[in-house]
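Student: This is the structure, below, for whatever I ask next.
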Amino acid sequence: MSFSRIIGYERNVSLLRRALATGKLSHAYLFYGIDGSGMKEAALALVEAVFCNGTDGCGECPSCRKVAGLRHPDLHHVQPDGAFIKIDQIRELQKELSYRPFEAPKKACIIEQADKMNTSAANAFLKTLEEPSGDAILILMTTHVDAVLPTILSRCQQLRFPSLSTETIASQLREKGADEDSARIAAALAGGSIERAQEIVEGDWLQTRRSLLERITALSPEEIIPLFAAAEEAAKDKDSAIHLVDLLNVFWRDILLTQSGSSEIVNTDLSPLIRSVAERNSLDRVIEKLERIARTRQALTRNANPRLAIEVLIMSLAD
Ligand SMILES: [Zn+2]
């Protein structure tokens, strides 16, 4: 994964390239932004570039491959052990950083979910930031920058990886060979995440979407068994439940748009279904359904039981 393959964050990439070219890399970076933004790819690309002698990693030499596979002896990788990053993990990191690099010009470390350091780990890590041993490069990543200690934040150069616009995502997907419909629908469903958009295009979600929406909109509250079967099938875990809710959100927004006379809908391939649902529901009912969808999404992010939440939602969406 070299910089050239990172999508949508040109500003961050050019900043890192310039720092590499001028020998002005920071000792510590903090990458923060949304889940699935490609922060980790950017971190790996930076380490590849540092290790592979140049302003860009080639992505092909043994060093680049080992970095990409997180098995380079000079790249230390830290992620939460259970709920937290613990002090033992930081001590281990400090020990690693105190050795001379084996193959690379310097040591590197990638810390995922850096906000998950418990207090003792964070305090120990602060020492590493204050008195870096040797010439290592530290890259911290988080989707919850507010939860990182201010004393850690202030010692890192911060790069933000925000949600990408649907236009940016759709054009990137088209560039990679997705057809017009898939690119537009995947971009609308991806919540600003290029990774999620690629998953949608490459997986079978676009195919299952149609039958799922047809079944959900055809359900009547009396058909309790197919209702629960649909819920069980669609909400195996929190992530898939959220994906389903996002799908329903875009679909019911299309219905609202159709009712207000707009043709700018996302699911153009489902327009007959959308029109028929729009005709049998009043505007107030559609708005109420969109509100329920929004509330369910919120509950899911707060760890509501996915199956139960989806069952209740699907029941309330049934005509
Ligand atoms: Zn290389």
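In the structure tokens, the first chain shown is A, the next is B, and so on; residue numbers restart at 1 for each chain, and ligands run from 1 in the order shown.
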Within 8 Å of ligand 1, which residues show up when you count only C-alpha atoms and all ligand atoms? List them as a ChimeraX atom specification, please.

Tutor: /A:48-49,51-53,57-65

Student: With C-alpha atoms retained, export the selected residues as a PDB file, in the first residue's frame.

Tutor:
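Result file follows (result_29.pdb):
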ATOM      1  CA  GLU A  48       6.711   1.640   3.976  1.00  0.00           C
ATOM      2  CA  ALA A  49       8.041   4.922   2.622  1.00  0.00           C
ATOM      3  CA  PHE A  51      11.710   1.890   5.365  1.00  0.00           C
ATOM      4  CA  CYS A  52      11.935   1.706   1.545  1.00  0.00           C
ATOM      5  CA  ASN A  53      14.270   4.687   0.924  1.00  0.00           C
ATOM      6  CA  GLY A  57       7.084   2.903  -0.633  1.00  0.00           C
ATOM      7  CA  CYS A  58       7.400   0.780  -3.761  1.00  0.00           C
ATOM      8  CA  GLY A  59       4.826  -1.627  -2.318  1.00  0.00           C
ATOM      9  CA  GLU A  60       6.648  -4.599  -3.812  1.00  0.00           C
ATOM     10  CA  CYS A  61      10.053  -5.083  -2.203  1.00  0.00           C
ATOM     11  CA  PRO A  62      10.441  -7.505   0.739  1.00  0.00           C
ATOM     12  CA  SER A  63      10.504  -4.581   3.188  1.00  0.00           C
ATOM     13  CA  CYS A  64       7.254  -3.071   1.893  1.00  0.00           C
ATOM     14  CA  ARG A  65       5.571  -6.453   1.906  1.00  0.00           C
TER      15      ARG A  65
END

Student: Quick one: everything within 10 Å of A:Arg91, counting only C-alpha atoms, minus sequence neighbours fewer than 6 positions away in the same chain. Send it as a VMD selection string.

Tutor: chain A and resid 97 121 124 to 125 128

Student: Could you dump the residues just selected with C-alpha atoms as a tab-separated table (two decimals), in the first residue's frame?

Tutor:
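Once written, result.tsv looks like this:
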chain	number	residue	atom	x	y	z
A	97	LEU	CA	12.29	0.94	20.68
A	121	ALA	CA	-0.38	2.92	30.01
A	124	ALA	CA	4.03	5.44	30.59
A	125	PHE	CA	3.55	6.23	26.92
A	128	THR	CA	8.18	7.71	25.33

Student: Please identify all polymer residues within 7 Å of stretch 233-247 of chain A, counting only C-alpha atoms, omitting same-chain residues fewer than 3 positions from it, and present them as a ChimeraX atom specification.

Tutor: /A:189,229-230,250-251,293,297,300,306-307,310

Student: Which residues are close to stretch 78-84 of chain A, i.e. within 7 Å by only C-alpha atoms, leaving aside same-chain residues fewer than 4 positions away? Reply as a list in words.

Tutor: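 Residues meeting the cut-off are Ile110, Ile111, Glu112, Gln113, Lys116, Met117 and Asn118 of chain A.
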
Student: Nearest to A:Glu291: which of A:Arg5, A:Arg275, A:Arg253, A:Arg184 is it, counting only C-alpha atoms?

Tutor: A:Arg253

Student: When DSSP works through the backbone of this structure, what residues of stretch 17-144 of chain A end up as strand (DSSP E), shown as a list in words?

Tutor: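 Here are the strand (DSSP E) residues of stretch 17-144 of chain A: Ala28, Tyr29, Leu30, Phe31, Tyr32, Gly33, Leu75, His76, His77, Val78, Ala108, Cys109, Ile110, Ile111, Ile137, Leu138, Ile139, Leu140, Met141 and Thr142 of chain A.
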
Student: Next, the residues of the selection above should be written as a CSV table (one decimal), in the first residue's frame with C-alpha atoms.

Tutor:
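Contents of the output file selection-v8.csv:
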chain,number,residue,atom,x,y,z
A,28,ALA,CA,4.9,11.2,16.5
A,29,TYR,CA,1.8,11.4,14.5
A,30,LEU,CA,-1.8,11.1,15.5
A,31,PHE,CA,-4.2,10.0,12.7
A,32,TYR,CA,-7.8,10.5,13.7
A,33,GLY,CA,-11.1,10.3,11.9
A,75,LEU,CA,7.6,-2.3,13.0
A,76,HIS,CA,6.0,-2.7,16.3
A,77,HIS,CA,2.2,-3.0,16.3
A,78,VAL,CA,0.0,-2.2,19.3
A,108,ALA,CA,8.5,2.4,13.8
A,109,CYS,CA,5.4,1.8,15.8
A,110,ILE,CA,1.7,1.8,14.9
A,111,ILE,CA,-0.8,2.1,17.8
A,137,ILE,CA,8.6,7.1,14.3
A,138,LEU,CA,5.3,6.6,16.3
A,139,ILE,CA,2.0,6.7,14.6
A,140,LEU,CA,-1.1,6.7,16.8
A,141,MET,CA,-4.6,6.2,15.4
A,142,THR,CA,-8.0,6.8,16.9

Student: In terms of the shortest atom-to-atom distance over only C-alpha atoms, which of A:Ile6, A:Leu149, A:Ile265, A:Gly192 is closest to A:Ile169?

Tutor: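 Ranking A:Ile6, A:Leu149, A:Ile265, A:Gly192 by distance to A:Ile169, first place goes to A:Gly192.
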
Student: How would you write, as a ChimeraX atom specification, the set of residues in stretch 43-127 of chain A that DSSP gives as alpha helix (DSSP H)?

Tutor: /A:43-51,62-68,87-98,119-127

Student: Do a neighbour search on A:Asn123 at 12 Å with only C-alpha atoms, toss out local chain neighbours closer than 3 positions, and write the hits as a PyMOL selection string.

Tutor: chain A and resi 85-87+90-91+117-120+126-130+148-152
